[in-house]
Structure formats: structure tokens, C-alpha cells
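Next comes entry.pdb, with PDB, C-alpha atoms.
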ATOM      1  CA  MET F   1     -11.808  14.054  15.006
ATOM      2  CA  SER F   2     -14.977  14.742  13.100
ATOM      3  CA  LYS F   3     -17.357  12.221  11.582
ATOM      4  CA  PRO F   4     -16.546  11.180   7.977
ATOM      5  CA  ALA F   5     -18.306  13.515   5.533
ATOM      6  CA  TYR F   6     -18.539  10.873   2.808
ATOM      7  CA  ALA F   7     -19.972   7.350   2.760
ATOM      8  CA  PRO F   8     -19.142   4.353   0.556
ATOM      9  CA  GLY F   9     -20.591   4.881  -2.923
ATOM     10  CA  ASP F  10     -20.489   8.708  -2.770
ATOM     11  CA  ARG F  11     -19.074  10.401  -5.867
ATOM     12  CA  VAL F  12     -16.288  12.856  -5.142
ATOM     13  CA  ARG F  13     -14.028  15.109  -7.175
ATOM     14  CA  THR F  14     -10.406  15.680  -6.203
ATOM     15  CA  ARG F  15      -9.109  19.233  -5.950
ATOM     16  CA  ALA F  16      -7.281  20.378  -9.045
ATOM     17  CA  ALA F  17      -5.059  23.015  -7.445
ATOM     18  CA  ASP F  18      -1.324  22.403  -7.050
ATOM     19  CA  PRO F  19      -0.635  23.536  -3.473
ATOM     20  CA  PRO F  20       2.569  25.508  -2.743
ATOM     21  CA  HIS F  21       3.693  22.872  -0.217
ATOM     22  CA  HIS F  22       4.065  19.122   0.261
ATOM     23  CA  THR F  23       0.909  17.101  -0.379
ATOM     24  CA  ARG F  24      -0.066  13.428  -0.826
ATOM     25  CA  LEU F  25      -2.668  14.007  -3.528
ATOM     26  CA  PRO F  26      -0.833  12.498  -6.525
ATOM     27  CA  ARG F  27      -0.754  14.765  -9.583
ATOM     28  CA  TYR F  28      -2.319  12.106 -11.829
ATOM     29  CA  ALA F  29      -5.373  11.956  -9.549
ATOM     30  CA  ARG F  30      -6.035  15.726  -9.393
ATOM     31  CA  GLY F  31      -9.274  17.160 -10.754
ATOM     32  CA  HIS F  32     -10.818  13.730 -11.314
ATOM     33  CA  THR F  33     -14.078  12.102 -10.224
ATOM     34  CA  GLY F  34     -14.044   8.889  -8.234
ATOM     35  CA  VAL F  35     -16.175   6.848  -5.842
ATOM     36  CA  ILE F  36     -15.635   6.428  -2.099
ATOM     37  CA  VAL F  37     -14.797   2.782  -1.285
ATOM     38  CA  GLU F  38     -14.445   3.192   2.475
ATOM     39  CA  PRO F  39     -13.237   5.546   5.198
ATOM     40  CA  GLN F  40      -9.995   4.182   6.724
ATOM     41  CA  GLY F  41      -9.709   6.176   9.947
ATOM     42  CA  ALA F  42      -8.242   9.583  10.724
ATOM     43  CA  TRP F  43      -4.682  10.889  10.734
ATOM     44  CA  PRO F  44      -3.095  14.371  10.661
ATOM     45  CA  ARG F  45      -2.599  15.489   7.070
ATOM     46  CA  ALA F  46       0.834  14.897   5.560
ATOM     47  CA  ASP F  47       0.589  18.493   4.231
ATOM     48  CA  ASP F  48       0.510  19.808   7.830
ATOM     49  CA  ARG F  49       3.096  17.429   9.266
ATOM     50  CA  ALA F  50       5.605  18.264   6.521
ATOM     51  CA  ARG F  51       5.276  21.967   7.331
ATOM     52  CA  GLY F  52       5.647  21.378  11.064
ATOM     53  CA  VAL F  53       2.113  22.577  11.825
ATOM     54  CA  THR F  54       1.565  21.746  15.485
ATOM     55  CA  GLY F  55      -1.780  20.538  16.752
ATOM     56  CA  ALA F  56      -3.073  19.726  13.277
ATOM     57  CA  PRO F  57      -6.332  17.792  13.678
ATOM     58  CA  ALA F  58      -6.741  14.219  12.508
ATOM     59  CA  GLU F  59      -8.743  14.065   9.308
ATOM     60  CA  THR F  60     -10.506  11.106   7.678
ATOM     61  CA  VAL F  61      -8.603   9.281   4.931
ATOM     62  CA  TYR F  62     -10.692   7.482   2.295
ATOM     63  CA  THR F  63     -10.001   4.783  -0.240
ATOM     64  CA  VAL F  64     -11.235   6.360  -3.491
ATOM     65  CA  ARG F  65     -11.711   4.335  -6.671
ATOM     66  CA  PHE F  66     -11.102   5.877 -10.114
ATOM     67  CA  SER F  67     -11.603   4.273 -13.508
ATOM     68  CA  ALA F  68      -8.627   4.238 -15.876
ATOM     69  CA  ARG F  69     -10.855   5.949 -18.439
ATOM     70  CA  GLU F  70     -11.403   8.837 -16.007
ATOM     71  CA  LEU F  71      -7.695   9.172 -15.152
ATOM     72  CA  TRP F  72      -6.068   8.466 -18.509
ATOM     73  CA  GLY F  73      -8.838   8.633 -21.106
ATOM     74  CA  SER F  74      -8.475   4.930 -21.891
ATOM     75  CA  GLY F  75      -7.941   1.570 -20.239
ATOM     76  CA  SER F  76     -10.248  -0.888 -18.475
ATOM     77  CA  HIS F  77      -8.649  -1.116 -15.000
ATOM     78  CA  ASP F  78      -9.384   0.719 -11.732
ATOM     79  CA  VAL F  79      -6.944   2.620  -9.547
ATOM     80  CA  THR F  80      -7.683   3.220  -5.866
ATOM     81  CA  VAL F  81      -5.936   6.133  -4.168
ATOM     82  CA  ASP F  82      -5.895   6.927  -0.429
ATOM     83  CA  LEU F  83      -6.917  10.563   0.061
ATOM     84  CA  TRP F  84      -7.507  12.930   2.976
ATOM     85  CA  GLU F  85     -11.012  14.420   3.212
ATOM     86  CA  SER F  86      -9.891  17.979   2.415
ATOM     87  CA  TYR F  87      -8.485  16.755  -0.929
ATOM     88  CA  LEU F  88     -12.082  16.000  -1.962
ATOM     89  CA  GLU F  89     -15.303  17.828  -2.759
ATOM     90  CA  PRO F  90     -18.743  16.391  -3.576
ATOM     91  CA  ALA F  91     -19.223  15.531  -7.262
ATOM     92  CA  GLY F  92     -22.553  16.178  -8.944
ATOM     93  CA  GLU F  93     -24.894  13.257  -9.584
ATOM     94  CA  ASP F  94     -25.363  14.292 -13.198
ATOM     95  CA  ARG F  95     -21.869  13.434 -14.388
TER      96      ARG F  95
ATOM     97  CA  MET W   1      24.125  -3.514   4.227
ATOM     98  CA  THR W   2      26.587  -4.499   1.539
ATOM     99  CA  ALA W   3      29.858  -2.630   0.962
ATOM    100  CA  GLU W   4      28.498  -1.486  -2.395
ATOM    101  CA  HIS W   5      25.370  -0.150  -0.729
ATOM    102  CA  ALA W   6      27.380   1.834   1.837
ATOM    103  CA  THR W   7      29.225   3.772  -0.867
ATOM    104  CA  LEU W   8      26.134   4.771  -2.857
ATOM    105  CA  PRO W   9      25.309   8.508  -2.855
ATOM    106  CA  VAL W  10      21.989   7.747  -1.177
ATOM    107  CA  ALA W  11      23.819   6.174   1.779
ATOM    108  CA  ALA W  12      25.701   9.442   2.357
ATOM    109  CA  ARG W  13      22.421  11.349   2.205
ATOM    110  CA  VAL W  14      20.844   8.991   4.748
ATOM    111  CA  ARG W  15      23.847   9.423   7.056
ATOM    112  CA  ARG W  16      23.580  13.225   6.839
ATOM    113  CA  LEU W  17      19.846  13.045   7.534
ATOM    114  CA  GLU W  18      20.479  10.838  10.575
ATOM    115  CA  GLU W  19      23.102  13.298  11.836
ATOM    116  CA  ARG W  20      20.650  16.204  11.485
ATOM    117  CA  LEU W  21      17.884  14.311  13.318
ATOM    118  CA  ILE W  22      20.261  13.339  16.111
ATOM    119  CA  GLY W  23      21.689  16.883  16.236
ATOM    120  CA  ALA W  24      18.176  18.325  16.549
ATOM    121  CA  GLY W  25      17.518  16.016  19.503
ATOM    122  CA  LEU W  26      14.623  14.249  17.731
ATOM    123  CA  VAL W  27      16.158  10.794  18.065
ATOM    124  CA  THR W  28      19.357   9.210  19.366
ATOM    125  CA  GLY W  29      21.645   6.970  17.356
ATOM    126  CA  GLU W  30      20.935   4.121  19.765
ATOM    127  CA  GLU W  31      17.184   4.500  19.290
ATOM    128  CA  LEU W  32      17.573   4.444  15.506
ATOM    129  CA  ASP W  33      19.735   1.314  15.634
ATOM    130  CA  GLU W  34      17.288  -0.415  17.953
ATOM    131  CA  ILE W  35      14.214   0.427  15.821
ATOM    132  CA  LEU W  36      15.907  -0.752  12.620
ATOM    133  CA  ALA W  37      17.274  -3.948  14.169
ATOM    134  CA  ARG W  38      13.950  -4.868  15.775
ATOM    135  CA  TYR W  39      12.049  -4.114  12.569
ATOM    136  CA  LEU W  40      14.313  -5.970  10.158
ATOM    137  CA  ALA W  41      15.001  -8.970  12.417
ATOM    138  CA  THR W  42      11.497 -10.261  11.868
ATOM    139  CA  ALA W  43      10.467  -8.602   8.572
ATOM    140  CA  SER W  44      10.235 -11.254   5.854
ATOM    141  CA  PRO W  45       7.914 -12.313   3.026
ATOM    142  CA  VAL W  46       7.514 -15.598   4.918
ATOM    143  CA  ASN W  47       5.168 -13.666   7.225
ATOM    144  CA  GLY W  48       2.905 -12.706   4.337
ATOM    145  CA  ALA W  49       3.125 -16.236   2.929
ATOM    146  CA  ARG W  50       2.011 -17.722   6.281
ATOM    147  CA  LEU W  51      -1.024 -15.408   6.325
ATOM    148  CA  VAL W  52      -1.956 -16.462   2.789
ATOM    149  CA  ALA W  53      -1.570 -20.170   3.559
ATOM    150  CA  ARG W  54      -3.730 -19.825   6.685
ATOM    151  CA  ALA W  55      -6.370 -17.926   4.692
ATOM    152  CA  TRP W  56      -6.384 -20.672   2.029
ATOM    153  CA  ALA W  57      -6.714 -23.382   4.669
ATOM    154  CA  ASP W  58      -9.232 -21.675   6.945
ATOM    155  CA  GLY W  59     -12.189 -19.789   5.431
ATOM    156  CA  ALA W  60     -13.119 -18.115   8.716
ATOM    157  CA  PHE W  61      -9.572 -16.749   9.081
ATOM    158  CA  ARG W  62      -9.754 -15.514   5.485
ATOM    159  CA  GLU W  63     -12.870 -13.473   6.335
ATOM    160  CA  ARG W  64     -11.198 -12.015   9.443
ATOM    161  CA  LEU W  65      -8.063 -11.159   7.442
ATOM    162  CA  LEU W  66     -10.039  -9.371   4.721
ATOM    163  CA  GLY W  67     -12.277  -7.624   7.273
ATOM    164  CA  ASP W  68      -9.752  -6.401   9.858
ATOM    165  CA  ALA W  69      -6.226  -7.385   8.904
ATOM    166  CA  ASN W  70      -4.474  -5.621  11.809
ATOM    167  CA  THR W  71      -6.363  -7.799  14.308
ATOM    168  CA  ALA W  72      -6.194 -11.001  12.248
ATOM    169  CA  VAL W  73      -2.407 -10.974  11.755
ATOM    170  CA  LYS W  74      -1.995 -11.136  15.544
ATOM    171  CA  GLU W  75      -3.436 -14.674  15.452
ATOM    172  CA  LEU W  76      -0.152 -15.702  13.790
ATOM    173  CA  GLY W  77       1.946 -13.648  16.214
ATOM    174  CA  LEU W  78       2.480 -10.894  13.627
ATOM    175  CA  SER W  79       2.033  -7.142  13.953
ATOM    176  CA  MET W  80       1.982  -3.969  11.879
ATOM    177  CA  GLY W  81       3.378  -2.086  14.881
ATOM    178  CA  GLY W  82       7.074  -2.786  14.320
ATOM    179  CA  GLY W  83       7.894   0.802  13.325
ATOM    180  CA  LEU W  84       7.204   4.001  15.244
ATOM    181  CA  GLN W  85       3.419   3.514  15.067
ATOM    182  CA  GLU W  86       1.052   0.741  14.039
ATOM    183  CA  GLN W  87       0.152   1.027  10.371
ATOM    184  CA  ARG W  88      -3.254   0.163   8.959
ATOM    185  CA  LEU W  89      -3.100  -2.988   6.832
ATOM    186  CA  LYS W  90      -5.576  -3.833   4.083
ATOM    187  CA  VAL W  91      -5.482  -7.279   2.456
ATOM    188  CA  VAL W  92      -7.066  -7.420  -1.003
ATOM    189  CA  ALA W  93      -8.131 -10.799  -2.412
ATOM    190  CA  ASN W  94      -7.709 -11.913  -6.002
ATOM    191  CA  THR W  95     -10.707 -13.676  -7.548
ATOM    192  CA  PRO W  96     -11.068 -15.554 -10.840
ATOM    193  CA  ARG W  97     -12.400 -12.268 -12.314
ATOM    194  CA  ARG W  98     -10.267  -9.630 -10.569
ATOM    195  CA  HIS W  99      -6.512  -9.279  -9.993
ATOM    196  CA  ASN W 100      -4.974  -6.815  -7.526
ATOM    197  CA  VAL W 101      -1.546  -5.178  -7.599
ATOM    198  CA  ILE W 102       0.022  -2.689  -5.171
ATOM    199  CA  VAL W 103       2.200   0.372  -5.718
ATOM    200  CA  CYS W 104       3.200   3.609  -4.015
ATOM    201  CA  THR W 105       3.345   6.244  -6.756
ATOM    202  CA  LEU W 106       4.565   9.010  -4.419
ATOM    203  CA  CYS W 107       7.453   7.174  -2.739
ATOM    204  CA  SER W 108       7.825   3.518  -1.729
ATOM    205  CA  CYS W 109       5.236   2.690   0.983
ATOM    206  CA  TYR W 110       5.182  -1.071   1.509
ATOM    207  CA  PRO W 111       4.192  -3.508   4.298
ATOM    208  CA  ILE W 112       7.810  -4.220   5.311
ATOM    209  CA  ALA W 113       6.804  -6.159   8.447
ATOM    210  CA  LEU W 114       5.000  -8.769   6.314
ATOM    211  CA  LEU W 115       6.992  -8.661   3.058
ATOM    212  CA  GLY W 116      10.512  -7.723   4.197
ATOM    213  CA  PRO W 117      12.458  -4.865   2.571
ATOM    214  CA  SER W 118      10.959  -3.982  -0.820
ATOM    215  CA  PRO W 119      12.623  -4.991  -4.111
ATOM    216  CA  GLY W 120      14.518  -2.302  -6.017
ATOM    217  CA  TRP W 121      12.064  -2.290  -8.916
ATOM    218  CA  TYR W 122       9.172  -1.489  -6.552
ATOM    219  CA  LYS W 123      10.917   1.824  -5.807
ATOM    220  CA  SER W 124      11.779   2.545  -9.461
ATOM    221  CA  GLU W 125      10.128   5.426 -11.284
ATOM    222  CA  ALA W 126       9.317   3.084 -14.173
ATOM    223  CA  TYR W 127       7.200   0.719 -12.063
ATOM    224  CA  ARG W 128       5.572   3.490 -10.017
ATOM    225  CA  SER W 129       4.548   5.572 -13.014
ATOM    226  CA  ARG W 130       3.577   2.770 -15.392
ATOM    227  CA  VAL W 131       1.632   0.295 -13.253
ATOM    228  CA  VAL W 132      -1.181   2.796 -12.581
ATOM    229  CA  ARG W 133      -1.418   3.606 -16.291
ATOM    230  CA  GLU W 134      -0.951   0.257 -18.072
ATOM    231  CA  PRO W 135      -0.983  -2.511 -15.453
ATOM    232  CA  ARG W 136      -1.776  -5.303 -17.916
ATOM    233  CA  ALA W 137       1.340  -4.530 -19.932
ATOM    234  CA  VAL W 138       3.523  -4.155 -16.827
ATOM    235  CA  LEU W 139       2.283  -7.473 -15.397
ATOM    236  CA  ALA W 140       2.981  -9.179 -18.734
ATOM    237  CA  GLU W 141       6.584  -7.931 -18.498
ATOM    238  CA  PHE W 142       6.771  -9.689 -15.127
ATOM    239  CA  GLY W 143       5.609 -12.851 -16.907
ATOM    240  CA  LEU W 144       2.028 -12.628 -15.635
ATOM    241  CA  ARG W 145      -0.308 -12.712 -18.641
ATOM    242  CA  LEU W 146      -3.843 -12.251 -17.367
ATOM    243  CA  PRO W 147      -6.834 -13.324 -19.475
ATOM    244  CA  GLU W 148      -8.670 -10.331 -20.995
ATOM    245  CA  ASP W 149     -11.754 -11.015 -18.886
ATOM    246  CA  VAL W 150      -9.801 -10.614 -15.633
ATOM    247  CA  GLU W 151     -10.164  -7.029 -14.414
ATOM    248  CA  ILE W 152      -7.320  -5.273 -12.616
ATOM    249  CA  THR W 153      -7.356  -2.999  -9.580
ATOM    250  CA  VAL W 154      -4.178  -1.063  -8.765
ATOM    251  CA  TRP W 155      -3.905   0.035  -5.110
ATOM    252  CA  ASP W 156      -1.856   3.225  -4.710
ATOM    253  CA  SER W 157      -0.608   3.395  -1.086
ATOM    254  CA  SER W 158      -0.682   7.196  -1.045
ATOM    255  CA  ALA W 159      -1.455   7.793   2.638
ATOM    256  CA  GLU W 160      -1.522   5.797   5.893
ATOM    257  CA  SER W 161      -2.494   2.271   4.756
ATOM    258  CA  ARG W 162      -0.297  -0.557   3.550
ATOM    259  CA  TYR W 163      -1.587  -3.243   1.196
ATOM    260  CA  MET W 164      -0.975  -6.950   0.655
ATOM    261  CA  VAL W 165      -2.489  -9.162  -2.046
ATOM    262  CA  LEU W 166      -4.140 -12.489  -1.170
ATOM    263  CA  PRO W 167      -3.457 -14.613  -4.271
ATOM    264  CA  LEU W 168      -5.781 -17.317  -5.585
ATOM    265  CA  ARG W 169      -4.992 -20.780  -4.254
ATOM    266  CA  PRO W 170      -3.445 -22.762  -7.118
ATOM    267  CA  PRO W 171      -5.376 -25.792  -8.372
ATOM    268  CA  GLY W 172      -4.046 -29.195  -7.346
ATOM    269  CA  THR W 173      -2.981 -28.049  -3.855
ATOM    270  CA  GLU W 174      -5.950 -29.529  -1.977
ATOM    271  CA  GLY W 175      -3.901 -32.128  -0.122
ATOM    272  CA  MET W 176      -1.121 -29.777   0.972
ATOM    273  CA  SER W 177      -0.374 -28.853   4.571
ATOM    274  CA  GLU W 178      -0.330 -25.221   5.642
ATOM    275  CA  GLU W 179       3.458 -25.360   5.745
ATOM    276  CA  GLN W 180       3.624 -26.671   2.183
ATOM    277  CA  LEU W 181       1.192 -23.968   1.054
ATOM    278  CA  THR W 182       3.385 -21.311   2.703
ATOM    279  CA  GLY W 183       6.258 -22.468   0.509
ATOM    280  CA  LEU W 184       4.262 -21.773  -2.658
ATOM    281  CA  VAL W 185       3.753 -18.046  -1.974
ATOM    282  CA  THR W 186       6.303 -15.569  -3.333
ATOM    283  CA  ARG W 187       7.004 -11.937  -2.488
ATOM    284  CA  GLU W 188       5.844 -11.023  -6.009
ATOM    285  CA  GLY W 189       2.563 -12.870  -5.405
ATOM    286  CA  LEU W 190       1.996 -10.726  -2.305
ATOM    287  CA  ILE W 191       2.645  -7.533  -4.336
ATOM    288  CA  GLY W 192       0.521  -8.783  -7.235
ATOM    289  CA  THR W 193       3.195  -8.983  -9.931
ATOM    290  CA  ALA W 194       2.966 -12.802  -9.902
ATOM    291  CA  ALA W 195      -0.067 -15.117  -9.697
ATOM    292  CA  VAL W 196       1.099 -16.718  -6.404
TER     293      VAL W 196
END
Taking this structure as input, can you express it in the form of C-alpha cells?
Amino acid sequence: MSKPAYAPGDRVRTRAADPPHHTRLPRYARGHTGVIVEPQGAWPRADDRARGVTGAPAETVYTVRFSARELWGSGSHDVTVDLWESYLEPAGEDR
Amino acid sequence: MTAEHATLPVAARVRRLEERLIGAGLVTGEELDEILARYLATASPVNGARLVARAWADGAFRERLLGDANTAVKELGLSMGGGLQEQRLKVVANTPRRHNVIVCTLCSCYPIALLGPSPGWYKSEAYRSRVVREPRAVLAEFGLRLPEDVEITVWDSSAESRYMVLPLRPPGTEGMSEEQLTGLVTREGLIGTAAV
């Protein structure tokens, strides 16, 4: 298990691609920018387990907070989603 | 399981799935029965209610529960390890300015050990798709009308954590015992679709 790549407060963007296999990155949260709340620990990815990949490494899962405005274009609430590290990439500071 | 439940199409699907798992040698029927019986024998929303009452009565316990819930629940003889593996638990506290509500948009993840089997509506597509999009309207349909200045956080249990809401202690309950406080807390309060 590797050290978490992101720290609380980091801005991240979720991957937009629709993978050709099972995943736990909800469609509504794809291609959106959020903020890391906290790393939760590390588990093998659901994507690998569902495909029977043996020896898949544990990977950090993060609580990531998104604003309703970012996800839906309107609304004042927040949604937090639990996402594996490889679902994320760094988001620019200028957004 | 009720007789009605046993004849639902989903029950036949579950039976076929069990037969395939047993046939593949991944689990035995006895192991399945034992896991389910052990899990459900103690799974009840009273467990979550006891945690909330203790947190209301004891500020130090509240901090431990919000900081490391898996360790704190053991103080009341509870555990998140009733299934095949221990699940991470996160308790999120309501404040006068912020309300929390839990969902699993991808399936029906839920802290069964502390809340018992989940209600049917929690697993419905309507709840799962709408509460992340318009939580204030969904909560109002449950009879919970939040003031406009109360912000809402929706927790989507999309991976390995399970969530439970710590409701605000109702006013006028200062003289109550922990047991009386436990009786105030509902399953819906622990999900976040009710105030308490």
C-alpha cells in the first residue's frame, strides 16, 4: 500500500471516461472537481475485484466533497462521494 | 422472511446466486446461514440509538465517536465486524447550521449492524437518485422541513465506508436518563431523513 497522493483540502477532478467494466465512480460524479475531505484507508478497487483480478493492490479511498452547483449546475448543498485514488487526478488551482 | 417475500422474483434470484456460490465451493450453505443469523440477531436501530444517547450524555464519548467510530462503538459492546470483514464507520454530526443525510446511489450500502436491515425506500431508485440532487425537497417529503439557513451535506456511501448521522439533541431533554434518550432516536434520525 502506497502513501496517499492527496491531502485534505486538495482539489481533484474525477475521471470522465466510462470504463468498459464495473466501477464505483458514480456517473453523476464523473468529470467534476471536488475537494479532498480525508483519506479513509486502503482497499482493493471494486473494479479489480469484480473482474476477478488476483493480487490487486490496496489503493487509498478518499472522501471527496462536491458542491451541488458543480454537480448539477444549481443547488446549495454538498455531496460527498467515496472514491478510489485512481478515479482522481489533480485539479488546477486556477479553476 | 415473510411468505410474500419468499415468492418475490428477487428471492428466486438470491436462491440461484446462493446455489452458484455453493456449487463453486466459495461458501457452504451452513456458513451462509450462520453469517446471516449472527448478523441479524443483533442488528437493530436500537444500537445506533444507544450510541447517540451516549454521545448526547457524554461529550468525551461524542468526540471519540466522531473521531474513530469503529473503536468508540466497542465501548457499548458493538462492532462493525459482524459481516465477512469489519467495515469502516463514519459518524457525521448535525449542527444548528448543517444537516447530514446518507444514501448509497450505486446500490444500498448501509450500516446494518447499527441500524438493522434498511427500509425499502432507502433501496428505491427514487430516493437514491433524488436525494443527491434535491435533498431539501426530499427531506420535506419525509416531513422534515429545514430552515433555509441550514446547509445540507449528502453522504454517498460509494465505497468501503458506512455512515450514521448523529442528530441534534432535542431541547427540553436535559433531565432525561440515557435510556430515555435512547427511546427518542429513530431509524430515520440515524439516516438523516428525520430530525431525531
Checklist entry - Residues picked by the PyMOL selection byres ((chain F and resi 67) around 7) here, as a ChimeraX atom specification? => result /F:65-66,68-71,77-79
Dump as CSV the rows for residues of chain F within 10 Å of chain W: closest atom pair and distance in Å with one decimal, only C-alpha atoms counted, ordered by chain and rising residue number.
residue,atom,partner,partner_atom,distance
F:Thr23,CA,W:Leu106,CA,9.8
F:Arg24,CA,W:Ser158,CA,6.3
F:Leu25,CA,W:Ser158,CA,7.5
F:Pro26,CA,W:Leu106,CA,6.8
F:Arg27,CA,W:Leu106,CA,9.4
F:Tyr28,CA,W:Val132,CA,9.4
F:Gln40,CA,W:Ser161,CA,8.0
F:Gly41,CA,W:Arg88,CA,8.9
F:Ala42,CA,W:Glu160,CA,9.1
F:Trp43,CA,W:Glu160,CA,7.7
F:Pro44,CA,W:Glu160,CA,9.9
F:Arg45,CA,W:Ala159,CA,9.0
F:Ala46,CA,W:Ala159,CA,8.0
F:Val61,CA,W:Ala159,CA,7.7
F:Tyr62,CA,W:Ala159,CA,9.2
F:Thr63,CA,W:Trp155,CA,9.1
F:Val64,CA,W:Trp155,CA,9.8
F:Arg65,CA,W:Thr153,CA,9.0
F:Phe66,CA,W:Thr153,CA,9.6
F:Ser67,CA,W:Thr153,CA,9.3
F:Ala68,CA,W:Arg133,CA,7.2
F:Arg69,CA,W:Arg133,CA,10.0
F:Leu71,CA,W:Arg133,CA,8.5
F:Trp72,CA,W:Arg133,CA,7.1
F:Ser74,CA,W:Arg133,CA,9.1
F:Gly75,CA,W:Glu134,CA,7.4
F:Ser76,CA,W:Glu151,CA,7.4
F:His77,CA,W:Ile152,CA,5.0
F:Asp78,CA,W:Thr153,CA,4.8
F:Val79,CA,W:Val154,CA,4.7
F:Thr80,CA,W:Trp155,CA,5.0
F:Val81,CA,W:Asp156,CA,5.0
F:Asp82,CA,W:Ser158,CA,5.3
F:Leu83,CA,W:Ala159,CA,6.6
F:Trp84,CA,W:Ala159,CA,7.9
Next on the checklist: Applying 10 Å and all atoms listed in the file, which residues near region 26-43 of chain W remain after dropping the ones on its own chain fewer than 6 positions away? List them as a PyMOL selection string.
Outcome noted: chain W and resi 18-20+78+81-84+111-117
Residues just named, written with C-alpha atoms as a CSV table (one decimal), keeping the file's coordinate frame:
chain,number,residue,atom,x,y,z
W,18,GLU,CA,20.5,10.8,10.6
W,19,GLU,CA,23.1,13.3,11.8
W,20,ARG,CA,20.6,16.2,11.5
W,78,LEU,CA,2.5,-10.9,13.6
W,81,GLY,CA,3.4,-2.1,14.9
W,82,GLY,CA,7.1,-2.8,14.3
W,83,GLY,CA,7.9,0.8,13.3
W,84,LEU,CA,7.2,4.0,15.2
W,111,PRO,CA,4.2,-3.5,4.3
W,112,ILE,CA,7.8,-4.2,5.3
W,113,ALA,CA,6.8,-6.2,8.4
W,114,LEU,CA,5.0,-8.8,6.3
W,115,LEU,CA,7.0,-8.7,3.1
W,116,GLY,CA,10.5,-7.7,4.2
W,117,PRO,CA,12.5,-4.9,2.6
Checklist entry - So what do you get for CA of Ala11 (chain W) versus CA of Gly23 (chain W), distance-wise? => result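 Atom-to-atom, CA of Ala11 (chain W) to CA of Gly23 (chain W), that is 18.1 Å.
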Checklist entry - Can you list, as a ChimeraX atom specification, every protein, DNA or RNA residue that comes within 9 Å of Asn94 (chain W) when you count only C-alpha atoms, leaving out same-chain residues fewer than 2 positions away? => result /W:92,96-100,165-168,192
Next on the checklist: So that I can see what lies close to Pro20 (chain F), please list as a list in words the residues with an atom at most 12 Å from it, counting all atoms listed in the file and leaving out residues fewer than 3 positions away in the same chain.
Outcome noted: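 In the requested format, the answer is Ala17, Thr23, Asp47 and Arg51 of chain F.
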Item to check | Ground truth for the PyMOL selection byres ((chain F and resi 13) around 8), written as a list of chain:residue names | outcome: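 For this structure, the PyMOL selection byres ((chain F and resi 13) around 8) captures F:Arg11, F:Val12, F:Thr14, F:Arg15, F:Gly31, F:His32, F:Thr33, F:Gly34, F:Leu88, F:Glu89, F:Pro90, F:Ala91.
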Serialized selection, C-alpha atoms, as a PDB file, keeping the file's coordinate frame:
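That gives us again-v9.pdb:
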ATOM      1  CA  ARG F  11     -19.074  10.401  -5.867  1.00  0.00           C
ATOM      2  CA  VAL F  12     -16.288  12.856  -5.142  1.00  0.00           C
ATOM      3  CA  THR F  14     -10.406  15.680  -6.203  1.00  0.00           C
ATOM      4  CA  ARG F  15      -9.109  19.233  -5.950  1.00  0.00           C
ATOM      5  CA  GLY F  31      -9.274  17.160 -10.754  1.00  0.00           C
ATOM      6  CA  HIS F  32     -10.818  13.730 -11.314  1.00  0.00           C
ATOM      7  CA  THR F  33     -14.078  12.102 -10.224  1.00  0.00           C
ATOM      8  CA  GLY F  34     -14.044   8.889  -8.234  1.00  0.00           C
ATOM      9  CA  LEU F  88     -12.082  16.000  -1.962  1.00  0.00           C
ATOM     10  CA  GLU F  89     -15.303  17.828  -2.759  1.00  0.00           C
ATOM     11  CA  PRO F  90     -18.743  16.391  -3.576  1.00  0.00           C
ATOM     12  CA  ALA F  91     -19.223  15.531  -7.262  1.00  0.00           C
TER      13      ALA F  91
END
Item to check | region 182-190 of chain W environment, 8 Å, all atoms listed in the file, sequence neighbours closer than 2 positions dropped, as a ChimeraX atom specification | outcome: /W:45-46,48-50,52-53,115,164-167,178-180,192-196
Suppose we keep C-alpha atoms; can you now write the selection as a short mmCIF file (atom, residue, chain, number, x, y, z; two decimals), in the coordinates of the input?
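Once everything was written out, this is out.cif:
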data_model
loop_
_atom_site.label_atom_id
_atom_site.label_comp_id
_atom_site.auth_asym_id
_atom_site.auth_seq_id
_atom_site.Cartn_x
_atom_site.Cartn_y
_atom_site.Cartn_z
CA PRO W 45 7.91 -12.31 3.03
CA VAL W 46 7.51 -15.60 4.92
CA GLY W 48 2.90 -12.71 4.34
CA ALA W 49 3.12 -16.24 2.93
CA ARG W 50 2.01 -17.72 6.28
CA VAL W 52 -1.96 -16.46 2.79
CA ALA W 53 -1.57 -20.17 3.56
CA LEU W 115 6.99 -8.66 3.06
CA MET W 164 -0.98 -6.95 0.66
CA VAL W 165 -2.49 -9.16 -2.05
CA LEU W 166 -4.14 -12.49 -1.17
CA PRO W 167 -3.46 -14.61 -4.27
CA GLU W 178 -0.33 -25.22 5.64
CA GLU W 179 3.46 -25.36 5.74
CA GLN W 180 3.62 -26.67 2.18
CA GLY W 192 0.52 -8.78 -7.24
CA THR W 193 3.20 -8.98 -9.93
CA ALA W 194 2.97 -12.80 -9.90
CA ALA W 195 -0.07 -15.12 -9.70
CA VAL W 196 1.10 -16.72 -6.40
#
